[in-house]
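Q: First the structure, then my questions, so here it is.
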Amino acid sequence: MSSTTALRTLLRTPASLRLLLLQTPRSTYHSYDHAEQPVYREAERTILSSALAHVPIHGFTQEALTLGAKDAGYLDISSNLFPKGTFDLVKYHLVSQRLGLKDRIQFPDENFGVGRKVRNLILERLRANVDTGIVTRWQEALAIMSLAENIPASLRELGALADEMWFLAGDTAVDASWYTKRASLSGIYAAAEIYQTTDQSTEYRDTEQFLDRRLEELRTVGGAVSGTLGWAGFQAGAMVNLLRSKGVMI
Amino acid sequence: MASLSLRTSRHLATSTRTTAPWICQSCCQSRTFASSVSRNQQPPPPPSHQDPTQPPLPGTRQDDAPTHFGFSTIPSTLKASRVANVFSSVASSYDTMNDLMSLGIHRLWKDHFVRCLNPGIRPTGPAGLRSESTKEEGQRILDIAGGTGDIAQRMLDHATTVNKDMKTHVTISDINPEMLAEGRKRFAGSDYQLAGRVDFLEANAENLSTIPSNSIDLYTVAFGIRNFTHKDQALREAFRVLKPGGVFACLEFTPHLSNSVLDGLYKRWSFGAIPLIGQVVAGDRDSYQYLVESIERFPGQGEFRDMIKEAGFLVPGQEGGEGEKGGWEDLSLGIAAVHKGVKPV
């Protein structure tokens, strides 16, 4: 669009809405029609991805970040591009694996239930920790994430991951369960990830079983809660009807 | 007491203002506490008259286009010398005055500034020792407007004690020889001076012709850039001298605090107390009046971040790379801010 057309569009819009047009087009929802804007700039992406390659040896440290900057052709001092230092390195892993999840897993079979899809998504995301080789160092990352100044950003990222998983699983619920689903999935994923860091079994079979137990619990508890709520609702309705039959004006 | 009054009178003699027509007269007169505070709310005074002999050409930078000096408007050609006068007169008491005016907080800001930059190259290798095969050079740091050398001292201390880097070198540059003399005094006979890790350069930051392009790892300017006549020119010059991947870092006051109530209190302090402390301690009210006025005239954080971007730097800490949010770090509720830029490879 040429600048004159853009200006004309802007002037034609009511004054109260003009501000919306001037803002950068960055949506908070998923759009099927527009490509996502990249989260990281080219320089940040190259430095951080080469820094992650040093994590298995050097851990989530400033040193890994510095070595990554050098590998990418930058200087020692260039790690100043990341104001939060090591947490930016951790966050890069979280963001890139979250966005990469949709390419790691496909569901060609339509009779896959939402529950099974979510289980596979969690396992796939945990496998990404193994594939990048950072799982042995992930406890350091969890420690960095649990620092007071990093907790809000870490929780936001966990919420975004849960949201991404439900979206990829094809869940379209818009009722109050939207929140409970994301909250319970966040809890289960965080627990499974912590379990994974101490898992010694081959191919992380223990983590898989741990995850299955947690999902089973969720099903049991979720069923019990909805059953209890249904029973209470029925009892309340029956009580109202009983009182009405006795002449109470309700 | 006699020396104090002597210094006052000497300064008054040097700072007698020329009565050229392009100086906004009303702004230069009667700098009292009350008038300063009320002027704080007013829009910047426009240049009252253009020099009739040289009409400004549209689209080109006029060398004597009017610029601001505190709240007064003067031709650009005069600004450097006026700033030089201010700093010549405050050089000897500069560090003491900083302590008094900021209640010592400027030390915390500078410590934080240096710590977050993390200068110096950490030795690599299995035993934590620098392997001889990799010929490490140490970093080249350029501290612009670093006259009294307090930033340079911190840089070298950090590099040496934290990163065990014995080679990193700091060039202290200042336009003002009297401020540099304070720096020389600080480093005289020190280990850094003996090891040749510090040198001094008298230069204008807008034209660092003696420094080759792509030669500096870290360019710092702490509480200096607000006095530059052409800040954009200085930023372009910083971009030129830095190596690809080099870092531009700036610690500077901000004109407004984000919280308007605190901003009012802070403005009371800066316009009321600082010139008064200057008068009592350094015997020089006008220089400190200039100081607070120049803070008021410095661009806000967002605007300055965009200036850094315009010079070609990558600004750290911005979500999604572009946009309106972030890109600097506020210190002490936003009284000062740290700005950084990385030269892309």
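Following the order of the structure tokens, first chain is A, next is B, and so on, with residues numbered from 1 inside each chain and ligands from 1 in the order they appear.
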From the DSSP assignment of the backbone, select every residue of region 23-70 of chain A that is alpha helix (DSSP H), and format the answer as a ChimeraX atom specification.
A: /A:42-52,55-58,62-70
Q: Take the residues that were just selected and, keeping C-alpha atoms, output them as a PDB file, in the first residue's frame.
A:
```
ATOM      1  CA  GLU A  42      18.400 -12.302  13.137  1.00  0.00           C
ATOM      2  CA  ALA A  43      21.418 -11.360  15.273  1.00  0.00           C
ATOM      3  CA  GLU A  44      19.736 -12.507  18.491  1.00  0.00           C
ATOM      4  CA  ARG A  45      18.675 -15.777  16.886  1.00  0.00           C
ATOM      5  CA  THR A  46      22.146 -16.657  15.598  1.00  0.00           C
ATOM      6  CA  ILE A  47      23.905 -15.799  18.873  1.00  0.00           C
ATOM      7  CA  LEU A  48      21.383 -17.595  21.083  1.00  0.00           C
ATOM      8  CA  SER A  49      21.175 -20.725  18.945  1.00  0.00           C
ATOM      9  CA  SER A  50      24.950 -21.067  18.826  1.00  0.00           C
ATOM     10  CA  ALA A  51      25.062 -20.383  22.581  1.00  0.00           C
ATOM     11  CA  LEU A  52      22.622 -23.266  23.172  1.00  0.00           C
ATOM     12  CA  VAL A  55      25.016 -25.475  27.056  1.00  0.00           C
ATOM     13  CA  PRO A  56      25.680 -29.253  27.403  1.00  0.00           C
ATOM     14  CA  ILE A  57      29.295 -28.431  28.338  1.00  0.00           C
ATOM     15  CA  HIS A  58      29.119 -25.013  29.981  1.00  0.00           C
ATOM     16  CA  GLN A  62      27.295 -16.320  30.854  1.00  0.00           C
ATOM     17  CA  GLU A  63      30.188 -18.299  29.425  1.00  0.00           C
ATOM     18  CA  ALA A  64      27.919 -20.227  27.063  1.00  0.00           C
ATOM     19  CA  LEU A  65      26.416 -16.933  25.950  1.00  0.00           C
ATOM     20  CA  THR A  66      29.838 -15.404  25.316  1.00  0.00           C
ATOM     21  CA  LEU A  67      31.040 -18.447  23.396  1.00  0.00           C
ATOM     22  CA  GLY A  68      27.847 -18.372  21.350  1.00  0.00           C
ATOM     23  CA  ALA A  69      28.421 -14.721  20.493  1.00  0.00           C
ATOM     24  CA  LYS A  70      31.967 -15.529  19.378  1.00  0.00           C
TER      25      LYS A  70
END
```
Q: For chain A, which residues have at least one atom within 10 Å of chain B, if we go by only C-alpha atoms? Write them as a PyMOL selection string, please.
A: chain A and resi 23-26+37-44+63+66-67+69-70+72-85+88
Q: Write out the residues from the selection above, keeping N, CA and C atoms, as an mmCIF file, in the first residue's frame.
A:
```
data_model
loop_
_atom_site.group_PDB
_atom_site.id
_atom_site.type_symbol
_atom_site.label_atom_id
_atom_site.label_comp_id
_atom_site.auth_asym_id
_atom_site.auth_seq_id
_atom_site.Cartn_x
_atom_site.Cartn_y
_atom_site.Cartn_z
ATOM 1 N N GLN A 23 -0.819 1.370 15.446
ATOM 2 C CA GLN A 23 -0.018 0.408 16.199
ATOM 3 C C GLN A 23 0.539 -0.669 15.274
ATOM 4 N N THR A 24 1.651 -1.237 15.705
ATOM 5 C CA THR A 24 2.263 -2.284 14.896
ATOM 6 C C THR A 24 1.348 -3.489 14.875
ATOM 7 N N PRO A 25 1.203 -4.115 13.714
ATOM 8 C CA PRO A 25 0.272 -5.238 13.633
ATOM 9 C C PRO A 25 0.839 -6.456 14.340
ATOM 10 N N ARG A 26 0.531 -6.610 15.606
ATOM 11 C CA ARG A 26 1.038 -7.745 16.378
ATOM 12 C C ARG A 26 -0.132 -8.332 17.138
ATOM 13 N N GLN A 37 4.928 -13.043 13.152
ATOM 14 C CA GLN A 37 6.156 -12.249 13.098
ATOM 15 C C GLN A 37 7.232 -12.959 13.909
ATOM 16 N N PRO A 38 8.465 -12.940 13.442
ATOM 17 C CA PRO A 38 9.503 -13.604 14.213
ATOM 18 C C PRO A 38 9.690 -12.925 15.569
ATOM 19 N N VAL A 39 9.917 -13.763 16.597
ATOM 20 C CA VAL A 39 10.047 -13.232 17.952
ATOM 21 C C VAL A 39 11.433 -12.629 18.155
ATOM 22 N N TYR A 40 12.427 -13.238 17.503
ATOM 23 C CA TYR A 40 13.802 -12.771 17.694
ATOM 24 C C TYR A 40 14.344 -12.176 16.404
ATOM 25 N N ARG A 41 15.206 -11.185 16.578
ATOM 26 C CA ARG A 41 15.892 -10.627 15.416
ATOM 27 C C ARG A 41 16.993 -11.574 14.977
ATOM 28 N N GLU A 42 17.421 -11.397 13.730
ATOM 29 C CA GLU A 42 18.400 -12.302 13.137
ATOM 30 C C GLU A 42 19.644 -12.456 14.028
ATOM 31 N N ALA A 43 20.188 -11.310 14.477
ATOM 32 C CA ALA A 43 21.418 -11.360 15.273
ATOM 33 C C ALA A 43 21.185 -12.109 16.581
ATOM 34 N N GLU A 44 20.048 -11.839 17.225
ATOM 35 C CA GLU A 44 19.736 -12.507 18.491
ATOM 36 C C GLU A 44 19.605 -14.005 18.275
ATOM 37 N N GLU A 63 29.110 -17.796 30.279
ATOM 38 C CA GLU A 63 30.188 -18.299 29.425
ATOM 39 C C GLU A 63 29.634 -18.887 28.131
ATOM 40 N N THR A 66 28.681 -16.050 25.916
ATOM 41 C CA THR A 66 29.838 -15.404 25.316
ATOM 42 C C THR A 66 30.410 -16.249 24.181
ATOM 43 N N LEU A 67 30.512 -17.563 24.437
ATOM 44 C CA LEU A 67 31.040 -18.447 23.396
ATOM 45 C C LEU A 67 30.111 -18.458 22.179
ATOM 46 N N ALA A 69 28.223 -15.986 21.206
ATOM 47 C CA ALA A 69 28.421 -14.721 20.493
ATOM 48 C C ALA A 69 29.668 -14.798 19.624
ATOM 49 N N LYS A 70 30.731 -15.414 20.160
ATOM 50 C CA LYS A 70 31.967 -15.529 19.378
ATOM 51 C C LYS A 70 31.763 -16.418 18.158
ATOM 52 N N ALA A 72 29.136 -16.851 16.519
ATOM 53 C CA ALA A 72 28.311 -16.176 15.524
ATOM 54 C C ALA A 72 29.050 -14.990 14.901
ATOM 55 N N GLY A 73 30.324 -14.841 15.232
ATOM 56 C CA GLY A 73 31.104 -13.754 14.633
ATOM 57 C C GLY A 73 31.033 -12.462 15.411
ATOM 58 N N TYR A 74 30.457 -12.509 16.610
ATOM 59 C CA TYR A 74 30.381 -11.312 17.440
ATOM 60 C C TYR A 74 31.527 -11.315 18.449
ATOM 61 N N LEU A 75 31.540 -10.318 19.335
ATOM 62 C CA LEU A 75 32.620 -10.191 20.317
ATOM 63 C C LEU A 75 32.142 -10.668 21.689
ATOM 64 N N ASP A 76 33.078 -10.788 22.618
ATOM 65 C CA ASP A 76 32.719 -11.142 24.004
ATOM 66 C C ASP A 76 31.672 -10.187 24.549
ATOM 67 N N ILE A 77 31.900 -8.912 24.278
ATOM 68 C CA ILE A 77 31.074 -7.867 24.872
ATOM 69 C C ILE A 77 29.669 -7.863 24.277
ATOM 70 N N SER A 78 29.505 -8.517 23.098
ATOM 71 C CA SER A 78 28.203 -8.460 22.418
ATOM 72 C C SER A 78 27.106 -9.154 23.193
ATOM 73 N N SER A 79 27.456 -9.948 24.217
ATOM 74 C CA SER A 79 26.396 -10.584 25.000
ATOM 75 C C SER A 79 25.562 -9.548 25.737
ATOM 76 N N ASN A 80 25.982 -8.290 25.683
ATOM 77 C CA ASN A 80 25.158 -7.201 26.205
ATOM 78 C C ASN A 80 23.863 -7.024 25.434
ATOM 79 N N LEU A 81 23.761 -7.707 24.288
ATOM 80 C CA LEU A 81 22.509 -7.660 23.526
ATOM 81 C C LEU A 81 21.377 -8.306 24.321
ATOM 82 N N PHE A 82 21.752 -9.081 25.371
ATOM 83 C CA PHE A 82 20.734 -9.785 26.148
ATOM 84 C C PHE A 82 20.737 -9.257 27.568
ATOM 85 N N PRO A 83 19.836 -8.327 27.867
ATOM 86 C CA PRO A 83 19.887 -7.657 29.164
ATOM 87 C C PRO A 83 19.676 -8.592 30.347
ATOM 88 N N LYS A 84 18.943 -9.714 30.128
ATOM 89 C CA LYS A 84 18.719 -10.613 31.256
ATOM 90 C C LYS A 84 19.729 -11.751 31.275
ATOM 91 N N GLY A 85 20.709 -11.706 30.380
ATOM 92 C CA GLY A 85 21.803 -12.667 30.411
ATOM 93 C C GLY A 85 21.332 -14.099 30.234
ATOM 94 N N ASP A 88 17.760 -15.006 29.263
ATOM 95 C CA ASP A 88 17.416 -14.862 27.850
ATOM 96 C C ASP A 88 17.757 -16.134 27.077
#
```
Q: Quick one: pull the distance between CA of Thr254 (chain B) and CA of Arg226 (chain B), Å, one decimal.
A: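 Straight-line distance from CA of Thr254 (chain B) to CA of Arg226 (chain B) works out to 9.7 Å.
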Q: Could you check the closest approach to Ala192 (chain A) for each of A:Leu158, A:Leu168, A:Leu211, A:Ala224 and tell me which residue wins, using only C-alpha atoms?
A: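 Using only C-alpha atoms, the shortest distance to Ala192 (chain A) belongs to A:Leu211.
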Q: Quick one: pull the distance between CA of Asp199 (chain B) and CA of Arg115 (chain B), Å, one decimal.
A: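 Separation of CA of Asp199 (chain B) and CA of Arg115 (chain B): 21.7 Å.
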Q: Could you jot down the CA of Ala145 (chain B) to CA of Ser173 (chain B) separation for me, Å, one decimal place?
A: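 Separation between CA of Ala145 (chain B) and CA of Ser173 (chain B): 5.8 Å.
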Q: Restricting the calculation to only C-alpha atoms: of B:Pro255, B:Pro75, B:Gly283, B:Gly272, which residue gets closest to Ala337 (chain B)?
A: B:Pro255
